[in-house]
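Heads up, the thing below is written out as structure tokens.
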Amino acid sequence: MLISMSKKRVHVFVEGKVQGVFFRATTRDNAVEKGVGGWVKNLPDGRVEAVFEGDDDMVDEMIDFCWEGPERAEVTNVEVRSEQYKNEFGDFKVKY
């Protein structure tokens, strides 16, 4: 398996039944497992917002996860905005 050495950053907005279903905690656990930095939080409008930074392949896997979510989630849309990689995060946090 070839591992990508290039890095990227994305800002995502997840829509659907994504609050009250452990979306943030599951996102954090997945990001930590993959070595992706950033954060995730609930928005007042019912969406979940997150920033992922890390290896291309691992960030892509986090985007894929957002389309699935945890077991009780019902994702209807994921908006992905590419941003300039900043190497800003040492870990991944849930914001409140």
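Going by the structure tokens order, chains are called A, B, ..., each with residues numbered from 1, while ligands are numbered from 1 in the order shown.
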When DSSP works through the backbone of this structure, what residues of range 16-56 of chain A end up as alpha helix (DSSP H), shown as a list in words?
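The residues of range 16-56 of chain A classed as alpha helix (DSSP H) are Phe23, Arg24, Ala25, Thr26, Thr27, Arg28, Asp29, Asn30, Ala31, Val32, Glu33, Lys34 and Asp56 of chain A.
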Within 10 Å of range 76-84 of chain A, which residues of range 7-39 of chain A show up? Give each one with its shortest atom-to-atom distance in Å (one decimal) and the two atoms involved, counting only C-alpha atoms, rows by chain then rising residue number, as JSON lines.
{"residue": "A:Lys7", "atom": "CA", "partner": "A:Gln84", "partner_atom": "CA", "distance": 9.7}
{"residue": "A:Lys8", "atom": "CA", "partner": "A:Gln84", "partner_atom": "CA", "distance": 7.2}
{"residue": "A:Arg9", "atom": "CA", "partner": "A:Glu83", "partner_atom": "CA", "distance": 5.4}
{"residue": "A:Val10", "atom": "CA", "partner": "A:Ser82", "partner_atom": "CA", "distance": 4.6}
{"residue": "A:His11", "atom": "CA", "partner": "A:Arg81", "partner_atom": "CA", "distance": 5.1}
{"residue": "A:Val12", "atom": "CA", "partner": "A:Val80", "partner_atom": "CA", "distance": 4.6}
{"residue": "A:Phe13", "atom": "CA", "partner": "A:Glu79", "partner_atom": "CA", "distance": 5.1}
{"residue": "A:Val14", "atom": "CA", "partner": "A:Val78", "partner_atom": "CA", "distance": 4.6}
{"residue": "A:Glu15", "atom": "CA", "partner": "A:Asn77", "partner_atom": "CA", "distance": 5.1}
{"residue": "A:Gly16", "atom": "CA", "partner": "A:Thr76", "partner_atom": "CA", "distance": 4.9}
{"residue": "A:Lys17", "atom": "CA", "partner": "A:Thr76", "partner_atom": "CA", "distance": 8.0}
{"residue": "A:Val18", "atom": "CA", "partner": "A:Thr76", "partner_atom": "CA", "distance": 9.3}
Name all residues at most 12 Å from Val21 in chain A (count only C-alpha atoms; drop same-chain ones fewer than 3 positions away) and give them as a list in words.
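Everything that qualifies: Gly16, Lys17, Val18, Arg24, Ala25, Thr26, Thr27, Asn42, Gly46, Val48, Gly69, Pro70, Glu71, Arg72, Ala73, Glu74 and Val75 of chain A.
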Keeping N, CA and C atoms for every residue in the selection just given, could you write it to a file as a PDB file, in the first residue's frame?
ATOM      1  N   GLY A  16     -28.270  16.719   8.294  1.00  0.00           N
ATOM      2  CA  GLY A  16     -29.115  15.561   8.517  1.00  0.00           C
ATOM      3  C   GLY A  16     -29.374  15.388  10.000  1.00  0.00           C
ATOM      4  N   LYS A  17     -29.654  14.158  10.382  1.00  0.00           N
ATOM      5  CA  LYS A  17     -29.812  13.847  11.807  1.00  0.00           C
ATOM      6  C   LYS A  17     -28.401  13.545  12.335  1.00  0.00           C
ATOM      7  N   VAL A  18     -27.721  14.622  12.735  1.00  0.00           N
ATOM      8  CA  VAL A  18     -26.306  14.481  13.106  1.00  0.00           C
ATOM      9  C   VAL A  18     -25.999  15.017  14.503  1.00  0.00           C
ATOM     10  N   ARG A  24     -20.062  13.864  17.177  1.00  0.00           N
ATOM     11  CA  ARG A  24     -18.804  14.531  17.532  1.00  0.00           C
ATOM     12  C   ARG A  24     -17.807  13.569  18.173  1.00  0.00           C
ATOM     13  N   ALA A  25     -18.268  12.784  19.116  1.00  0.00           N
ATOM     14  CA  ALA A  25     -17.367  11.856  19.809  1.00  0.00           C
ATOM     15  C   ALA A  25     -16.804  10.808  18.852  1.00  0.00           C
ATOM     16  N   THR A  26     -17.646  10.298  17.979  1.00  0.00           N
ATOM     17  CA  THR A  26     -17.196   9.290  17.023  1.00  0.00           C
ATOM     18  C   THR A  26     -16.223   9.899  16.012  1.00  0.00           C
ATOM     19  N   THR A  27     -16.503  11.133  15.597  1.00  0.00           N
ATOM     20  CA  THR A  27     -15.589  11.837  14.689  1.00  0.00           C
ATOM     21  C   THR A  27     -14.233  12.010  15.350  1.00  0.00           C
ATOM     22  N   ASN A  42     -21.077  21.100  17.205  1.00  0.00           N
ATOM     23  CA  ASN A  42     -22.458  21.241  16.766  1.00  0.00           C
ATOM     24  C   ASN A  42     -22.721  22.703  16.441  1.00  0.00           C
ATOM     25  N   GLY A  46     -28.421  22.835  13.625  1.00  0.00           N
ATOM     26  CA  GLY A  46     -28.576  21.380  13.557  1.00  0.00           C
ATOM     27  C   GLY A  46     -27.487  20.661  12.797  1.00  0.00           C
ATOM     28  N   VAL A  48     -23.377  19.734  11.872  1.00  0.00           N
ATOM     29  CA  VAL A  48     -22.101  19.549  12.551  1.00  0.00           C
ATOM     30  C   VAL A  48     -21.035  20.166  11.655  1.00  0.00           C
ATOM     31  N   GLY A  69     -21.233   8.671   9.256  1.00  0.00           N
ATOM     32  CA  GLY A  69     -21.514   9.022  10.639  1.00  0.00           C
ATOM     33  C   GLY A  69     -21.630   7.790  11.508  1.00  0.00           C
ATOM     34  N   PRO A  70     -21.927   7.996  12.787  1.00  0.00           N
ATOM     35  CA  PRO A  70     -22.147   6.849  13.676  1.00  0.00           C
ATOM     36  C   PRO A  70     -23.469   6.157  13.327  1.00  0.00           C
ATOM     37  N   GLU A  71     -23.706   5.047  13.967  1.00  0.00           N
ATOM     38  CA  GLU A  71     -24.832   4.175  13.624  1.00  0.00           C
ATOM     39  C   GLU A  71     -26.181   4.893  13.576  1.00  0.00           C
ATOM     40  N   ARG A  72     -26.459   5.787  14.525  1.00  0.00           N
ATOM     41  CA  ARG A  72     -27.780   6.416  14.604  1.00  0.00           C
ATOM     42  C   ARG A  72     -27.914   7.670  13.744  1.00  0.00           C
ATOM     43  N   ALA A  73     -26.845   8.101  13.121  1.00  0.00           N
ATOM     44  CA  ALA A  73     -26.898   9.308  12.279  1.00  0.00           C
ATOM     45  C   ALA A  73     -27.602   9.017  10.952  1.00  0.00           C
ATOM     46  N   GLU A  74     -28.198  10.062  10.390  1.00  0.00           N
ATOM     47  CA  GLU A  74     -28.794  10.000   9.051  1.00  0.00           C
ATOM     48  C   GLU A  74     -28.286  11.214   8.285  1.00  0.00           C
ATOM     49  N   VAL A  75     -27.160  11.048   7.615  1.00  0.00           N
ATOM     50  CA  VAL A  75     -26.515  12.152   6.908  1.00  0.00           C
ATOM     51  C   VAL A  75     -27.202  12.375   5.564  1.00  0.00           C
TER      52      VAL A  75
END
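The space separating CA of Gly90 in chain A from CA of Gly20 in chain A comes to 26.8 Å.
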Going by DSSP on the backbone, which residues of chain A come out as strand (DSSP E or B)? List them as a VMD selection string.
chain A and resid 7 to 17 37 to 42 48 to 55 74 to 83 92 to 94
Of the residues A:Arg28, A:Glu33, A:Phe65, A:Asp55, which is the one nearest to Tyr85 in chain A, using only C-alpha atoms?
A:Asp55
